[in-house]
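See structure below.
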Amino acid sequence: MNRLQAALLLVSAAAIGCARPANEREWKPSRPVEFVVAAGPGGGSDQLARTVQSIIQKYKLVDRSVIVTNKGGGSGTEAFIYAKGAIGNPHKLVFATNNVWLIPLGSAVGYRRSDLQPVAAVAFDEFMLWVNSKAPYPDVSTFLAAARSGAKRLAVAGTASKDTDQVLVRQIEKVGQVAFSYVPFRSGSEVAVQLAGGHVAANVNNPQENAPLWRAGTIRPLCVFSPARLGYADVVSAGRTWADIPTCMEAGLPIERYQMPRTVWLPKGVTGAQVTFYRNVLARVRETEEWKAWLRRGSQTDAFLSGPELTDYIAKDESWLRGQFAEDGWLAN
C-alpha cells in the first residue's frame, strides 16, 4: 500500500466515523440525572439508590449531578408510571426490584413492563424464615409441626399483598403442607417490629430488614432460602453469624432458592449507547469498597446481570410468577 492509498484509507475511516448515527457513538448525560426510587425513604431500593449516588459522586463517575427522588406510591407503581411518561429520556434512572413485572400480574395498573428498559440487576436480596426469640420453635421442623397441629392458624407477616413476601409464604404453605394467616404491612421494618412484639408468629424478611432486631435478641432466623449458606462470617447475635444459619433445604423445608433482584431501569425509547453508559457506570460502582460494604451490611448476594442474560432472567421469573398467580387466583388479566 502506498502513501496515497493509506491517506485515502484514513480519510475514508474518519468519514465513516463521522457518519455514524449519534446513538452509536459514546453517550454521556447532558444535564442532571434523576434516580427515581420505586419505594419510600429508608427502604432497600432507597438505600441502593443513595449508595450508588454517593459512590458516583465520590469517584466522579458521572460528570453531572445526581439527585434522588422517592416515588413509592402503589408499591412502586408511581415510579413506573412516571418512567412511562418519560419515554426516550436517558436522564431518569429507576431503582426497583422484581416489582416492575410482578405488580402488573396481580393488579390493573397504568403501565406495562415493556414501558421500561432494563439496565442491570446489581444484587440479590436473600430471604429467611424468622420467629420471635421467645417462640417455642427451635427449628423449622417444630415450627411447621406447630402450624399443622394448632386449632388456630399461625399469623405470618409480610410486606403488601400479592407481592414478593406473600408469594414466598404461599410456597412454604404448599411444600410444608400447612396453612397460615398472612398479615400484610406497609414495610419490612414494620413487619420486623410486629414479629419482635409477638403480634405474629413469623415473617420472611430479608436480612437487612430484620438484622437490627436479631442483634437486639428479640427475633431469630430459622433458615435461609438459598442453595448455600451465606458467606458473611461477622458475628451478629449471641455468637452466631449469617454463615451459621442453615439453608431451608438443610432444615427440612424443600425450597432451594428464593431471591429478589435489585434492578435498575431506564424509560422505553432510549438508545443502546445510553443503556451501555449506565451499565458501565454501575459496573464501576461495584468495584469499590463502599459497594462491598453495602453488600455486607445487608447480607446480600453479589451478582450482576445485564443485556440478554438479564432479559432472559426477567422472562423466566415473570413466567414462573404468572403460573403461581394463576394457581392462587391472583391474576389481574
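By convention in this document, the chains of the C-alpha cells carry letters A, B, ... by their order, each chain's residues are numbered from 1, and ligands are numbered from 1 in the order they are shown.
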Tell me, as a short mmCIF file (atom, residue, chain, number, x, y, z; two decimals) with C-alpha atoms, in the first residue's frame, which residues lie within 12 Å of A:Thr77, counting only C-alpha atoms; anything in the same chain fewer than 4 positions away does not count.
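So selection.cif came out as:
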data_model
loop_
_atom_site.label_atom_id
_atom_site.label_comp_id
_atom_site.auth_asym_id
_atom_site.auth_seq_id
_atom_site.Cartn_x
_atom_site.Cartn_y
_atom_site.Cartn_z
CA VAL A 36 -36.20 7.59 40.82
CA VAL A 37 -36.76 5.19 43.72
CA ALA A 38 -39.81 2.94 43.44
CA ALA A 39 -40.20 2.93 47.24
CA GLY A 40 -40.32 5.29 50.19
CA ASN A 70 -38.82 8.80 46.04
CA LYS A 71 -41.99 7.74 44.24
CA GLY A 72 -43.17 4.77 46.27
CA GLY A 73 -46.93 5.11 45.90
CA ILE A 81 -45.90 5.33 35.57
CA TYR A 82 -43.58 8.31 35.93
CA ALA A 83 -40.97 6.49 33.84
CA LYS A 84 -43.60 5.56 31.27
CA VAL A 94 -35.45 3.91 38.12
CA ALA A 96 -36.62 -1.11 41.81
CA THR A 97 -36.85 -4.88 42.32
CA ASN A 99 -41.95 -5.42 41.36
CA VAL A 100 -41.63 -3.94 37.86
CA TRP A 101 -43.04 -7.16 36.39
CA LEU A 102 -44.74 -8.57 39.50
CA ILE A 103 -47.23 -5.75 40.18
CA PRO A 104 -48.99 -5.86 36.77
CA SER A 107 -53.24 -5.53 39.76
CA ALA A 108 -54.66 -3.38 36.98
CA VAL A 109 -52.05 -0.61 36.82
CA GLY A 110 -51.25 2.14 34.35
CA TYR A 111 -48.06 0.68 32.92
CA ARG A 112 -46.56 -2.50 31.46
CA ARG A 113 -43.10 -3.92 31.97
#
Next on the checklist: Residues of stretch 50-232 of chain A classed as alpha helix (DSSP H) by DSSP on the backbone are to be reported as a ChimeraX atom specification.
Outcome noted: /A:50-59,77-84,99-106,140-149,164-176,188-196,207-215
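The nearest approach to A:Glu256 among the residues A:Asn210, A:Ser75, A:Ser226, A:Ser45, with only C-alpha atoms taken into account, belongs to A:Ser226.
Nearest to A:Gly272 of all the residues A:Gly307, A:Ile314, A:Asp163, A:Ala157 is A:Gly307, based on only C-alpha atoms.
Residues in contact with stretch 135-140 of chain A at up to 9 Å, not including ones fewer than 4 positions away on its chain and judged by only C-alpha atoms, are Leu129, Val131, Leu144, Ala145, Ala146, Gly198, Ala201, Ile219, Pro221, Leu222, Cys223, Cys248, Ala251, Gly252 and Leu253 of chain A.
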Could you please take those selected residues and save N, CA, C and O atoms as an mmCIF file, in the first residue's frame?
data_model
loop_
_atom_site.group_PDB
_atom_site.id
_atom_site.type_symbol
_atom_site.label_atom_id
_atom_site.label_comp_id
_atom_site.auth_asym_id
_atom_site.auth_seq_id
_atom_site.Cartn_x
_atom_site.Cartn_y
_atom_site.Cartn_z
ATOM 1 N N LEU A 129 -36.661 -17.319 56.995
ATOM 2 C CA LEU A 129 -37.810 -17.561 57.861
ATOM 3 C C LEU A 129 -37.397 -17.193 59.278
ATOM 4 O O LEU A 129 -36.429 -17.746 59.812
ATOM 5 N N VAL A 131 -38.564 -16.131 63.466
ATOM 6 C CA VAL A 131 -39.554 -16.236 64.542
ATOM 7 C C VAL A 131 -39.112 -15.354 65.698
ATOM 8 O O VAL A 131 -37.968 -14.878 65.747
ATOM 9 N N LEU A 144 -43.136 -25.881 61.711
ATOM 10 C CA LEU A 144 -44.141 -26.438 60.800
ATOM 11 C C LEU A 144 -45.100 -27.371 61.538
ATOM 12 O O LEU A 144 -46.304 -27.397 61.264
ATOM 13 N N ALA A 145 -44.566 -28.137 62.488
ATOM 14 C CA ALA A 145 -45.420 -29.039 63.261
ATOM 15 C C ALA A 145 -46.445 -28.247 64.064
ATOM 16 O O ALA A 145 -47.619 -28.631 64.159
ATOM 17 N N ALA A 146 -46.013 -27.122 64.637
ATOM 18 C CA ALA A 146 -46.936 -26.278 65.394
ATOM 19 C C ALA A 146 -48.005 -25.685 64.483
ATOM 20 O O ALA A 146 -49.176 -25.570 64.870
ATOM 21 N N GLY A 198 -44.235 -9.866 69.174
ATOM 22 C CA GLY A 198 -45.009 -11.074 69.402
ATOM 23 C C GLY A 198 -46.416 -11.024 68.845
ATOM 24 O O GLY A 198 -47.263 -11.853 69.213
ATOM 25 N N ALA A 201 -46.483 -14.789 64.341
ATOM 26 C CA ALA A 201 -45.637 -15.936 64.672
ATOM 27 C C ALA A 201 -44.335 -15.951 63.891
ATOM 28 O O ALA A 201 -43.340 -16.525 64.352
ATOM 29 N N ILE A 219 -35.633 -11.369 67.950
ATOM 30 C CA ILE A 219 -36.067 -12.333 66.936
ATOM 31 C C ILE A 219 -34.860 -13.178 66.530
ATOM 32 O O ILE A 219 -33.712 -12.838 66.844
ATOM 33 N N PRO A 221 -33.419 -16.150 63.242
ATOM 34 C CA PRO A 221 -33.688 -16.816 61.965
ATOM 35 C C PRO A 221 -33.697 -18.341 62.115
ATOM 36 O O PRO A 221 -32.927 -18.900 62.899
ATOM 37 N N LEU A 222 -34.571 -18.994 61.349
ATOM 38 C CA LEU A 222 -34.601 -20.456 61.328
ATOM 39 C C LEU A 222 -33.872 -21.020 60.117
ATOM 40 O O LEU A 222 -33.220 -22.057 60.220
ATOM 41 N N CYS A 223 -33.995 -20.365 58.959
ATOM 42 C CA CYS A 223 -33.299 -20.857 57.766
ATOM 43 C C CYS A 223 -33.279 -19.780 56.692
ATOM 44 O O CYS A 223 -34.041 -18.802 56.757
ATOM 45 N N CYS A 248 -32.744 -23.575 54.022
ATOM 46 C CA CYS A 248 -34.057 -24.181 54.294
ATOM 47 C C CYS A 248 -34.097 -25.623 53.813
ATOM 48 O O CYS A 248 -34.783 -26.463 54.425
ATOM 49 N N ALA A 251 -32.704 -27.596 56.518
ATOM 50 C CA ALA A 251 -33.591 -27.596 57.687
ATOM 51 C C ALA A 251 -34.874 -28.389 57.463
ATOM 52 O O ALA A 251 -35.695 -28.493 58.389
ATOM 53 N N GLY A 252 -35.062 -28.931 56.269
ATOM 54 C CA GLY A 252 -36.238 -29.753 56.022
ATOM 55 C C GLY A 252 -37.389 -29.053 55.342
ATOM 56 O O GLY A 252 -38.497 -29.595 55.267
ATOM 57 N N LEU A 253 -37.142 -27.841 54.830
ATOM 58 C CA LEU A 253 -38.166 -27.108 54.082
ATOM 59 C C LEU A 253 -37.686 -27.033 52.631
ATOM 60 O O LEU A 253 -36.802 -26.235 52.303
#
Next on the checklist: Need the shell around A:Val193: protein/DNA/RNA residues with any atom at most 12 Å away, counting only C-alpha atoms. Skip same-chain ones fewer than 5 positions apart. Format as a count of residues only?
Outcome noted: 24
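With only C-alpha atoms as the basis for measurement, A:Ala192 is the residue among A:Ile87, A:Ala192, A:Met128, A:Val178 that approaches A:Thr159 most closely.
For A:Asn206, the non-local neighbours within 10 Å, defined as residues at least 6 positions apart in the same chain or in other chains and counting only C-alpha atoms, are Gly44, Asp125, Glu126, Phe127, Met128, Leu129, Trp130, Asp165, Gly188, Val224, Phe225, Gln259, Met260, Gly298, Ser299 and Gln300 of chain A.
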Take the selection from the previous step and output its residues with all heavy atoms, as a CSV table (one decimal), in the first residue's frame.
chain,number,residue,atom,x,y,z
A,44,GLY,N,-35.0,-0.7,51.1
A,44,GLY,CA,-33.9,-1.3,50.4
A,44,GLY,C,-33.6,-0.6,49.1
A,44,GLY,O,-32.4,-0.3,48.8
A,125,ASP,N,-31.4,-9.9,47.0
A,125,ASP,CA,-31.7,-10.0,48.4
A,125,ASP,C,-32.0,-11.4,48.7
A,125,ASP,O,-32.8,-12.1,47.9
A,125,ASP,CB,-32.9,-9.1,48.7
A,125,ASP,CG,-32.6,-7.7,48.9
A,125,ASP,OD1,-31.5,-7.3,48.6
A,125,ASP,OD2,-33.5,-6.9,49.4
A,126,GLU,N,-31.5,-11.9,49.8
A,126,GLU,CA,-31.9,-13.2,50.3
A,126,GLU,C,-33.1,-13.1,51.2
A,126,GLU,O,-33.4,-12.0,51.7
A,126,GLU,CB,-30.7,-13.9,51.1
A,126,GLU,CG,-29.5,-14.0,50.3
A,126,GLU,CD,-29.5,-15.1,49.2
A,126,GLU,OE1,-30.5,-15.9,49.2
A,126,GLU,OE2,-28.6,-15.2,48.4
A,127,PHE,N,-33.8,-14.2,51.4
A,127,PHE,CA,-35.0,-14.2,52.3
A,127,PHE,C,-34.8,-15.3,53.4
A,127,PHE,O,-34.1,-16.3,53.1
A,127,PHE,CB,-36.3,-14.5,51.5
A,127,PHE,CG,-36.8,-13.3,50.8
A,127,PHE,CD1,-36.2,-12.9,49.6
A,127,PHE,CD2,-37.8,-12.5,51.3
A,127,PHE,CE1,-36.6,-11.8,48.9
A,127,PHE,CE2,-38.2,-11.4,50.6
A,127,PHE,CZ,-37.7,-11.1,49.4
A,128,MET,N,-35.3,-15.1,54.5
A,128,MET,CA,-35.2,-16.0,55.6
A,128,MET,C,-36.5,-16.2,56.3
A,128,MET,O,-37.4,-15.3,56.2
A,128,MET,CB,-34.2,-15.5,56.7
A,128,MET,CG,-32.8,-15.4,56.1
A,128,MET,SD,-31.6,-14.8,57.4
A,128,MET,CE,-30.1,-14.9,56.5
A,129,LEU,N,-36.7,-17.3,57.0
A,129,LEU,CA,-37.8,-17.6,57.9
A,129,LEU,C,-37.4,-17.2,59.3
A,129,LEU,O,-36.4,-17.7,59.8
A,129,LEU,CB,-38.2,-19.0,57.8
A,129,LEU,CG,-39.4,-19.4,58.7
A,129,LEU,CD1,-40.7,-18.7,58.3
A,129,LEU,CD2,-39.7,-20.9,58.6
A,130,TRP,N,-38.1,-16.2,59.9
A,130,TRP,CA,-37.8,-15.7,61.2
A,130,TRP,C,-38.9,-16.0,62.2
A,130,TRP,O,-40.1,-15.9,61.8
A,130,TRP,CB,-37.6,-14.2,61.1
A,130,TRP,CG,-36.5,-13.7,60.2
A,130,TRP,CD1,-36.6,-13.6,58.8
A,130,TRP,CD2,-35.2,-13.3,60.6
A,130,TRP,NE1,-35.5,-13.1,58.3
A,130,TRP,CE2,-34.6,-12.9,59.4
A,130,TRP,CE3,-34.5,-13.2,61.8
A,130,TRP,CZ2,-33.3,-12.4,59.3
A,130,TRP,CZ3,-33.2,-12.7,61.7
A,130,TRP,CH2,-32.6,-12.3,60.5
A,165,ASP,N,-43.3,-11.2,49.4
A,165,ASP,CA,-43.4,-11.9,50.6
A,165,ASP,C,-44.5,-12.9,50.6
A,165,ASP,O,-44.3,-14.1,51.1
A,165,ASP,CB,-43.6,-10.9,51.8
A,165,ASP,CG,-42.3,-10.1,52.1
A,165,ASP,OD1,-41.3,-10.4,51.5
A,165,ASP,OD2,-42.4,-9.3,53.1
A,188,GLY,N,-41.0,-3.5,55.3
A,188,GLY,CA,-40.3,-4.6,56.0
A,188,GLY,C,-39.9,-4.2,57.4
A,188,GLY,O,-39.9,-5.1,58.3
A,224,VAL,N,-32.4,-19.9,55.7
A,224,VAL,CA,-32.3,-19.0,54.6
A,224,VAL,C,-32.7,-19.7,53.3
A,224,VAL,O,-32.3,-20.9,53.1
A,224,VAL,CB,-30.8,-18.4,54.5
A,224,VAL,CG1,-29.8,-19.5,54.4
A,224,VAL,CG2,-30.7,-17.5,53.3
A,225,PHE,N,-33.4,-19.1,52.4
A,225,PHE,CA,-33.9,-19.7,51.2
A,225,PHE,C,-32.9,-19.5,50.1
A,225,PHE,O,-33.0,-18.7,49.1
A,225,PHE,CB,-35.2,-19.1,50.8
A,225,PHE,CG,-36.4,-19.3,51.7
A,225,PHE,CD1,-36.7,-18.4,52.8
A,225,PHE,CD2,-37.1,-20.5,51.7
A,225,PHE,CE1,-37.7,-18.7,53.7
A,225,PHE,CE2,-38.1,-20.8,52.6
A,225,PHE,CZ,-38.4,-19.9,53.6
A,259,GLN,N,-35.0,-15.5,45.9
A,259,GLN,CA,-34.3,-14.3,46.0
A,259,GLN,C,-35.0,-13.2,45.3
A,259,GLN,O,-35.9,-13.4,44.4
A,259,GLN,CB,-32.9,-14.4,45.3
A,259,GLN,CG,-32.0,-15.5,46.0
A,259,GLN,CD,-30.7,-15.7,45.1
A,259,GLN,OE1,-30.8,-15.9,43.9
A,259,GLN,NE2,-29.6,-15.7,45.8
A,260,MET,N,-34.7,-11.9,45.6
A,260,MET,CA,-35.3,-10.8,44.9
A,260,MET,C,-34.2,-9.9,44.3
A,260,MET,O,-33.3,-9.5,45.0
A,260,MET,CB,-36.1,-9.9,45.9
A,260,MET,CG,-36.8,-8.7,45.3
A,260,MET,SD,-37.8,-7.8,46.5
A,260,MET,CE,-36.4,-7.1,47.5
A,298,GLY,N,-26.1,-5.6,54.3
A,298,GLY,CA,-27.4,-6.2,54.0
A,298,GLY,C,-27.4,-7.7,53.8
A,298,GLY,O,-28.4,-8.3,53.5
A,299,SER,N,-26.2,-8.3,53.9
A,299,SER,CA,-26.0,-9.7,53.7
A,299,SER,C,-26.7,-10.1,52.4
A,299,SER,O,-27.4,-11.1,52.3
A,299,SER,CB,-26.6,-10.5,54.8
A,299,SER,OG,-26.0,-10.2,56.0
A,300,GLN,N,-26.4,-9.3,51.3
A,300,GLN,CA,-26.9,-9.6,50.0
A,300,GLN,C,-26.0,-10.4,49.1
A,300,GLN,O,-24.7,-10.4,49.4
A,300,GLN,CB,-27.3,-8.3,49.3
A,300,GLN,CG,-28.4,-7.5,50.1
A,300,GLN,CD,-28.7,-6.2,49.5
A,300,GLN,OE1,-29.6,-6.0,48.7
A,300,GLN,NE2,-27.9,-5.2,49.9
Next on the checklist: With only C-alpha atoms as the counted atoms, please give the residues lying no more than 8 Å from A:Gln53, apart from itself and same-chain residues fewer than 2 positions off, as a ChimeraX atom specification.
Outcome noted: /A:49-51,55-57,66-68
So that I have them on file, write out the residues from the current selection with N, CA, C and O atoms, as a PDB file, in the first residue's frame.
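Printed below is selection.pdb as written:
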ATOM      1  N   ALA A  49     -30.166   3.222  45.866  1.00  0.00           N
ATOM      2  CA  ALA A  49     -30.001   4.408  45.028  1.00  0.00           C
ATOM      3  C   ALA A  49     -29.053   5.413  45.674  1.00  0.00           C
ATOM      4  O   ALA A  49     -28.191   5.997  44.998  1.00  0.00           O
ATOM      5  N   ARG A  50     -29.180   5.604  46.973  1.00  0.00           N
ATOM      6  CA  ARG A  50     -28.336   6.601  47.643  1.00  0.00           C
ATOM      7  C   ARG A  50     -26.893   6.109  47.802  1.00  0.00           C
ATOM      8  O   ARG A  50     -25.954   6.912  47.801  1.00  0.00           O
ATOM      9  N   THR A  51     -26.723   4.804  47.924  1.00  0.00           N
ATOM     10  CA  THR A  51     -25.364   4.251  47.942  1.00  0.00           C
ATOM     11  C   THR A  51     -24.688   4.457  46.594  1.00  0.00           C
ATOM     12  O   THR A  51     -23.525   4.898  46.513  1.00  0.00           O
ATOM     13  N   ILE A  55     -21.354   6.880  45.768  1.00  0.00           N
ATOM     14  CA  ILE A  55     -20.154   6.328  45.129  1.00  0.00           C
ATOM     15  C   ILE A  55     -19.847   7.076  43.833  1.00  0.00           C
ATOM     16  O   ILE A  55     -18.680   7.408  43.535  1.00  0.00           O
ATOM     17  N   ILE A  56     -20.869   7.367  43.060  1.00  0.00           N
ATOM     18  CA  ILE A  56     -20.684   8.123  41.813  1.00  0.00           C
ATOM     19  C   ILE A  56     -20.079   9.486  42.103  1.00  0.00           C
ATOM     20  O   ILE A  56     -19.149   9.932  41.416  1.00  0.00           O
ATOM     21  N   GLN A  57     -20.601  10.144  43.129  1.00  0.00           N
ATOM     22  CA  GLN A  57     -20.093  11.476  43.459  1.00  0.00           C
ATOM     23  C   GLN A  57     -18.664  11.411  43.992  1.00  0.00           C
ATOM     24  O   GLN A  57     -17.818  12.241  43.625  1.00  0.00           O
ATOM     25  N   VAL A  66     -26.297  14.184  40.402  1.00  0.00           N
ATOM     26  CA  VAL A  66     -27.271  13.103  40.515  1.00  0.00           C
ATOM     27  C   VAL A  66     -28.157  13.392  41.719  1.00  0.00           C
ATOM     28  O   VAL A  66     -27.665  13.616  42.824  1.00  0.00           O
ATOM     29  N   ILE A  67     -29.472  13.406  41.497  1.00  0.00           N
ATOM     30  CA  ILE A  67     -30.417  13.630  42.587  1.00  0.00           C
ATOM     31  C   ILE A  67     -31.280  12.386  42.769  1.00  0.00           C
ATOM     32  O   ILE A  67     -31.490  11.621  41.823  1.00  0.00           O
ATOM     33  N   VAL A  68     -31.752  12.161  43.997  1.00  0.00           N
ATOM     34  CA  VAL A  68     -32.604  11.007  44.296  1.00  0.00           C
ATOM     35  C   VAL A  68     -33.987  11.502  44.686  1.00  0.00           C
ATOM     36  O   VAL A  68     -34.125  12.387  45.537  1.00  0.00           O
TER      37      VAL A  68
END
